[in-house]
Amino acid sequence: MIKYIRFVIILFLFTATALGVKAQSTATTSSPYSRYGIGDIDPMLMPQNVGMGGIGVATNRINNFNNANSLNPASYASIGLTVIDIGLYGKFNTLEKSGQSSQSNANFRLSHIAFGLPISKRSAISFGLMPYSELGYNYRQVRPNFGTGLPGDTSAVNYIYSGDGGLSKFYLGYGFGIGKHLSIGGNISYIFGNLKETQSTEVPSLAGVLNSRIEEGNSISGLNYDYGIQYSVDFSEKKHLTFGYSASANTKLNTVNSYIVSSYYRNGTGDEGVATDSIINNQQPSAKIQLPSINRFGIAFQNDGKFLVGADYTMSNWSKLTVAGVNKGLRDSKTFNVGGQFTPNINSLSSYFAAVDYRLGFIYDQTYLRVNNTDIKRYAATVGLGLPLRANNSSFYKINIAAEIGKRGTLVNSLVKENYVNVHLSFTLNDKWFQKYRFD
């Protein structure tokens, strides 16, 4: 038992350090659409849920395998064994824009570490660390005629946009059952990290001209709350219909906000010189970020050991997002998820592949973005596998692999279409740690 605890502590500290550094400085995405709001929002899903189209509001124990599903903390009530879930994430995307060559990028990171510990037969706690948002982009827009369109203005203007950083989320939650069918739970989360964005204006054809740059940074920290409920209807010992609801509260985070406007020049070789002047230098040590409220609804039907199918619907009030008192100009979003998994023969001894979980799903996301009078939508298909490993006494292991293949945006109205493949990999352990033995 001691060796397990030592291993978990070391692993947790290592992952916390790695994800903390990521949140402070390193971009783990390369998408111009992460420029808006506070970056691309992570859906808080484990790979086993990603493979099923991102459903999770009404799922808990899947095919009798315990999971730390933070999307709905009511699911913790179904945790009967100690759960450890550690994952990796890779994103491969290609950006397309009319009249320009495509650009491909790849990013990798540790995605999550999560724990579930049963307290009683119908209650458990869960805690872990995972990304909350990702910010990473770098692109250029060239406008002819000084950006005015007048024939007399012959020089082109470069507008350069870049962003870097992200937010991480450490959560602690508890879920418990009331009677046989009802479960309730909640999370308290600490969100932290840095976001940095710059916008530069340059006139490259004029030697010695002063260029300008706007830099905005936010060092963010604060608490957020999630709560949820699940209700199951049993048609038989193995067949269950579960209804789920979970929500994230519209709390406020603290941010140290800086806004700097400076001028600089480039020499004859194109190298940037030091800033010649700071036109504006505003520091707001006590600014706030208003997060939106998020409401999720789900339904899932499961035949234990055979299959699970379900659907989720999420409404997010992103039009209320403000940073340092400034509304970010987003709109409310709606997301539909549908998917499931099938296991041919979970107890098969003759064929390993008959005991594998096969997952499939679909996502439609009416995002919070409206750019150039065009709604930005996301469509994706997901596939996944749950690969069981050989059990050891009371320990059960599974490798979960999932891929999300989708697109976001469009080529109309001078916009960017993003084609992407997100790959998720995790190792999940179910074990009975605190078992009392009659004999030594």
# chains A, B, ... in the order shown; residues from 1 in each chain; ligands from 1
$ residues_around --residues "Ile220 in chain A" --least-positions-apart "4" --cutoff "6 Å" --atoms "only C-alpha atoms" --output "PyMOL selection string"
chain A and resi 192-194+254-255
$ closest_residue --among "A:Leu321, A:Val261, A:Ile184, A:Leu308" --to "Ile294 in chain A" --atoms "only C-alpha atoms"
A:Leu321
$ atom_distance --atom1 "CA of Asn337 in chain A" --atom2 "CA of Arg61 in chain A"
18.8 Å
$ atom_distance --atom1 "CA of Asp226 in chain A" --atom2 "CA of Gln302 in chain A"
24.9 Å
$ residues_around --residues "range 414-427 of chain A" --least-positions-apart "5" --cutoff "7 Å" --atoms "only C-alpha atoms" --output "count of residues only"
27
$ residues_around --residues "Ser319 in chain A" --least-positions-apart "4" --cutoff "8 Å" --atoms "only C-alpha atoms" --output "list of chain:residue names"
A:Pro292, A:Asn327, A:Lys328, A:Gly329, A:Leu330, A:Arg331, A:Asp332, A:Tyr368
$ write_last_selection --atoms "N, CA and C atoms" --output "tab-separated table (two decimals), in the first residue's frame"
chain	number	residue	atom	x	y	z
A	292	PRO	N	-18.86	32.38	-17.73
A	292	PRO	CA	-20.28	32.15	-18.03
A	292	PRO	C	-20.85	30.98	-17.24
A	327	ASN	N	-16.44	43.34	-22.16
A	327	ASN	CA	-17.10	42.18	-22.75
A	327	ASN	C	-16.32	41.71	-23.97
A	328	LYS	N	-16.09	40.40	-24.08
A	328	LYS	CA	-15.24	39.86	-25.14
A	328	LYS	C	-15.97	39.65	-26.46
A	329	GLY	N	-17.25	40.02	-26.53
A	329	GLY	CA	-17.97	39.99	-27.79
A	329	GLY	C	-18.30	38.60	-28.30
A	330	LEU	N	-18.42	37.64	-27.40
A	330	LEU	CA	-18.79	36.29	-27.80
A	330	LEU	C	-20.31	36.14	-27.80
A	331	ARG	N	-20.78	35.01	-28.22
A	331	ARG	CA	-22.22	34.73	-28.18
A	331	ARG	C	-22.45	33.40	-27.48
A	332	ASP	N	-23.67	33.14	-27.12
A	332	ASP	CA	-23.99	31.88	-26.44
A	332	ASP	C	-23.80	30.71	-27.40
A	368	TYR	N	-19.16	29.75	-29.80
A	368	TYR	CA	-19.44	31.11	-29.33
A	368	TYR	C	-18.85	32.18	-30.24
$ closest_residue --among "A:Gln366, A:Gln48, A:Ser262, A:Ser120" --to "Thr314 in chain A" --atoms "only C-alpha atoms"
A:Gln366
$ residues_around --residues "Pro32 in chain A" --least-positions-apart "2" --cutoff "8 Å" --atoms "only C-alpha atoms" --output "compact mmCIF listing (two decimals) with C-alpha atoms, in the first residue's frame"
# COMPACT_ATOMS: atom_id res chain seq x y z
CA SER A 30 -2.07 26.50 -33.00
CA SER A 34 -8.16 30.44 -29.91
CA ARG A 35 -7.65 34.22 -30.12
CA GLY A 136 -1.88 29.69 -29.15
CA TYR A 137 -1.83 31.47 -32.50
CA ASN A 138 0.46 33.49 -34.75
CA TYR A 139 -0.74 34.89 -38.05
$ atom_distance --atom1 "CA of Gln284 in chain A" --atom2 "CA of Val256 in chain A"
5.8 Å
$ residues_around --residues "range 80-84 of chain A" --least-positions-apart "5" --cutoff "6 Å" --atoms "only C-alpha atoms" --output "list in words"
Ala114, Phe115, Gly116, Leu117, Pro118, Thr428, Leu429, Asn430, Asp431 and Lys432 of chain A
$ select_by_dssp --residues "range 71-101 of chain A" --states "strand (DSSP E or B)" --output "list in words"
Thr82, Val83, Ile84, Asp85, Ile86, Gly87, Leu88, Tyr89, Gly90, Lys91, Phe92, Asn93, Thr94, Leu95, Glu96, Lys97, Gln100 and Ser101 of chain A
$ write_last_selection --atoms "N, CA, C and O atoms" --output "PDB file, in the first residue's frame"
ATOM      1  N   THR A  82     -10.683   2.182  -6.202  1.00  0.00           N
ATOM      2  CA  THR A  82      -9.788   3.314  -6.403  1.00  0.00           C
ATOM      3  C   THR A  82      -9.477   3.442  -7.893  1.00  0.00           C
ATOM      4  O   THR A  82      -9.159   2.470  -8.573  1.00  0.00           O
ATOM      5  N   VAL A  83      -9.579   4.673  -8.399  1.00  0.00           N
ATOM      6  CA  VAL A  83      -9.365   4.948  -9.822  1.00  0.00           C
ATOM      7  C   VAL A  83      -8.177   5.891  -9.979  1.00  0.00           C
ATOM      8  O   VAL A  83      -8.090   6.910  -9.280  1.00  0.00           O
ATOM      9  N   ILE A  84      -7.278   5.550 -10.873  1.00  0.00           N
ATOM     10  CA  ILE A  84      -6.221   6.457 -11.307  1.00  0.00           C
ATOM     11  C   ILE A  84      -6.298   6.532 -12.824  1.00  0.00           C
ATOM     12  O   ILE A  84      -6.324   5.513 -13.510  1.00  0.00           O
ATOM     13  N   ASP A  85      -6.351   7.749 -13.364  1.00  0.00           N
ATOM     14  CA  ASP A  85      -6.452   7.938 -14.808  1.00  0.00           C
ATOM     15  C   ASP A  85      -5.436   8.996 -15.222  1.00  0.00           C
ATOM     16  O   ASP A  85      -5.513  10.142 -14.779  1.00  0.00           O
ATOM     17  N   ILE A  86      -4.487   8.621 -16.068  1.00  0.00           N
ATOM     18  CA  ILE A  86      -3.423   9.514 -16.516  1.00  0.00           C
ATOM     19  C   ILE A  86      -3.432   9.531 -18.039  1.00  0.00           C
ATOM     20  O   ILE A  86      -3.469   8.469 -18.671  1.00  0.00           O
ATOM     21  N   GLY A  87      -3.388  10.731 -18.638  1.00  0.00           N
ATOM     22  CA  GLY A  87      -3.541  10.796 -20.080  1.00  0.00           C
ATOM     23  C   GLY A  87      -2.586  11.738 -20.790  1.00  0.00           C
ATOM     24  O   GLY A  87      -2.023  12.664 -20.201  1.00  0.00           O
ATOM     25  N   LEU A  88      -2.435  11.500 -22.096  1.00  0.00           N
ATOM     26  CA  LEU A  88      -1.658  12.335 -23.011  1.00  0.00           C
ATOM     27  C   LEU A  88      -2.568  12.802 -24.135  1.00  0.00           C
ATOM     28  O   LEU A  88      -3.607  12.193 -24.414  1.00  0.00           O
ATOM     29  N   TYR A  89      -2.151  13.888 -24.789  1.00  0.00           N
ATOM     30  CA  TYR A  89      -2.999  14.498 -25.816  1.00  0.00           C
ATOM     31  C   TYR A  89      -2.122  15.033 -26.938  1.00  0.00           C
ATOM     32  O   TYR A  89      -1.055  15.600 -26.696  1.00  0.00           O
ATOM     33  N   GLY A  90      -2.549  14.824 -28.182  1.00  0.00           N
ATOM     34  CA  GLY A  90      -1.868  15.392 -29.332  1.00  0.00           C
ATOM     35  C   GLY A  90      -2.877  15.994 -30.288  1.00  0.00           C
ATOM     36  O   GLY A  90      -3.961  15.425 -30.497  1.00  0.00           O
ATOM     37  N   LYS A  91      -2.537  17.161 -30.853  1.00  0.00           N
ATOM     38  CA  LYS A  91      -3.430  17.827 -31.794  1.00  0.00           C
ATOM     39  C   LYS A  91      -2.681  18.096 -33.086  1.00  0.00           C
ATOM     40  O   LYS A  91      -1.596  18.671 -33.088  1.00  0.00           O
ATOM     41  N   PHE A  92      -3.273  17.659 -34.189  1.00  0.00           N
ATOM     42  CA  PHE A  92      -2.717  17.886 -35.513  1.00  0.00           C
ATOM     43  C   PHE A  92      -3.755  18.669 -36.314  1.00  0.00           C
ATOM     44  O   PHE A  92      -4.877  18.196 -36.505  1.00  0.00           O
ATOM     45  N   ASN A  93      -3.393  19.867 -36.768  1.00  0.00           N
ATOM     46  CA  ASN A  93      -4.366  20.654 -37.506  1.00  0.00           C
ATOM     47  C   ASN A  93      -3.752  21.268 -38.747  1.00  0.00           C
ATOM     48  O   ASN A  93      -2.546  21.514 -38.822  1.00  0.00           O
ATOM     49  N   THR A  94      -4.610  21.478 -39.737  1.00  0.00           N
ATOM     50  CA  THR A  94      -4.231  22.133 -40.988  1.00  0.00           C
ATOM     51  C   THR A  94      -5.152  23.326 -41.197  1.00  0.00           C
ATOM     52  O   THR A  94      -6.382  23.176 -41.150  1.00  0.00           O
ATOM     53  N   LEU A  95      -4.551  24.488 -41.410  1.00  0.00           N
ATOM     54  CA  LEU A  95      -5.295  25.730 -41.588  1.00  0.00           C
ATOM     55  C   LEU A  95      -5.334  26.086 -43.068  1.00  0.00           C
ATOM     56  O   LEU A  95      -4.298  26.090 -43.732  1.00  0.00           O
ATOM     57  N   GLU A  96      -6.530  26.396 -43.567  1.00  0.00           N
ATOM     58  CA  GLU A  96      -6.707  26.749 -44.971  1.00  0.00           C
ATOM     59  C   GLU A  96      -7.382  28.110 -45.075  1.00  0.00           C
ATOM     60  O   GLU A  96      -8.270  28.437 -44.287  1.00  0.00           O
ATOM     61  N   LYS A  97      -6.941  28.893 -46.063  1.00  0.00           N
ATOM     62  CA  LYS A  97      -7.553  30.179 -46.356  1.00  0.00           C
ATOM     63  C   LYS A  97      -7.484  30.419 -47.849  1.00  0.00           C
ATOM     64  O   LYS A  97      -6.454  30.126 -48.485  1.00  0.00           O
ATOM     65  N   GLN A 100      -4.308  31.357 -50.224  1.00  0.00           N
ATOM     66  CA  GLN A 100      -3.056  31.150 -49.501  1.00  0.00           C
ATOM     67  C   GLN A 100      -2.779  29.661 -49.364  1.00  0.00           C
ATOM     68  O   GLN A 100      -3.691  28.828 -49.411  1.00  0.00           O
ATOM     69  N   SER A 101      -1.499  29.319 -49.211  1.00  0.00           N
ATOM     70  CA  SER A 101      -1.129  27.919 -49.010  1.00  0.00           C
ATOM     71  C   SER A 101      -1.525  27.482 -47.605  1.00  0.00           C
ATOM     72  O   SER A 101      -1.559  28.285 -46.669  1.00  0.00           O
TER      73      SER A 101
END
$ closest_residue --among "A:Glu272, A:Asp304, A:Asp365, A:Asp42" --to "Asp234 in chain A" --atoms "only C-alpha atoms"
A:Asp304
$ residues_around --residues "range 68-73 of chain A" --least-positions-apart "5" --cutoff "7 Å" --atoms "only C-alpha atoms" --output "PDB file with C-alpha atoms, in the first residue's frame"
ATOM      1  CA  MET A  44     -13.084  18.121 -19.221  1.00  0.00           C
ATOM      2  CA  LEU A  45     -13.482  14.701 -20.825  1.00  0.00           C
ATOM      3  CA  GLY A  56     -20.538  12.122 -20.182  1.00  0.00           C
ATOM      4  CA  VAL A  57     -23.348  13.932 -18.390  1.00  0.00           C
ATOM      5  CA  ASN A  60     -20.721   6.839 -14.621  1.00  0.00           C
ATOM      6  CA  VAL A  83      -9.365   4.948  -9.822  1.00  0.00           C
ATOM      7  CA  ALA A 114      -7.422  12.168 -12.075  1.00  0.00           C
ATOM      8  CA  PHE A 115      -8.152  10.074  -8.999  1.00  0.00           C
ATOM      9  CA  GLY A 116     -11.294   8.532  -7.553  1.00  0.00           C
ATOM     10  CA  SER A 126     -12.370  12.615  -6.904  1.00  0.00           C
ATOM     11  CA  GLY A 173     -15.222  16.764  -5.804  1.00  0.00           C
ATOM     12  CA  TYR A 174     -17.579  14.534  -3.863  1.00  0.00           C
ATOM     13  CA  GLY A 175     -20.556  12.502  -5.032  1.00  0.00           C
ATOM     14  CA  GLY A 185     -22.297  15.647  -6.477  1.00  0.00           C
ATOM     15  CA  GLY A 186     -20.212  18.779  -6.693  1.00  0.00           C
ATOM     16  CA  ASN A 187     -16.702  20.026  -7.565  1.00  0.00           C
ATOM     17  CA  TYR A 227     -22.579  20.483  -9.526  1.00  0.00           C
ATOM     18  CA  GLY A 228     -24.634  17.675 -10.956  1.00  0.00           C
ATOM     19  CA  SER A 246     -24.580  19.176 -14.555  1.00  0.00           C
TER      20      SER A 246
END
$ closest_residue --among "A:Phe307, A:Tyr225, A:Tyr364, A:Tyr379" --to "Pro344 in chain A" --atoms "only C-alpha atoms"
A:Phe307
$ select_by_dssp --residues "range 312-366 of chain A" --states "helix (DSSP H, G or I)" --output "JSON, numbers by chain"
{"A": [318, 319, 320, 352, 353, 354, 355]}
$ write_last_selection --atoms "N, CA and C atoms" --output "mmCIF file, in the first residue's frame"
data_model
loop_
_atom_site.group_PDB
_atom_site.id
_atom_site.type_symbol
_atom_site.label_atom_id
_atom_site.label_comp_id
_atom_site.auth_asym_id
_atom_site.auth_seq_id
_atom_site.Cartn_x
_atom_site.Cartn_y
_atom_site.Cartn_z
ATOM 1 N N TRP A 318 -21.722 32.254 -23.036
ATOM 2 C CA TRP A 318 -20.454 32.953 -23.258
ATOM 3 C C TRP A 318 -20.621 34.421 -23.592
ATOM 4 N N SER A 319 -21.824 34.858 -23.910
ATOM 5 C CA SER A 319 -22.030 36.286 -24.194
ATOM 6 C C SER A 319 -21.808 37.137 -22.944
ATOM 7 N N LYS A 320 -21.746 36.523 -21.782
ATOM 8 C CA LYS A 320 -21.531 37.252 -20.524
ATOM 9 C C LYS A 320 -20.057 37.296 -20.120
ATOM 10 N N TYR A 352 -9.062 -11.963 -27.718
ATOM 11 C CA TYR A 352 -8.820 -10.704 -27.021
ATOM 12 C C TYR A 352 -9.690 -9.589 -27.586
ATOM 13 N N PHE A 353 -9.822 -9.536 -28.907
ATOM 14 C CA PHE A 353 -10.537 -8.432 -29.540
ATOM 15 C C PHE A 353 -12.035 -8.479 -29.258
ATOM 16 N N ALA A 354 -12.547 -9.622 -28.822
ATOM 17 C CA ALA A 354 -13.948 -9.682 -28.425
ATOM 18 C C ALA A 354 -14.194 -8.968 -27.110
ATOM 19 N N ALA A 355 -13.127 -8.804 -26.294
ATOM 20 C CA ALA A 355 -13.256 -8.126 -24.998
ATOM 21 C C ALA A 355 -12.915 -6.641 -25.068
#
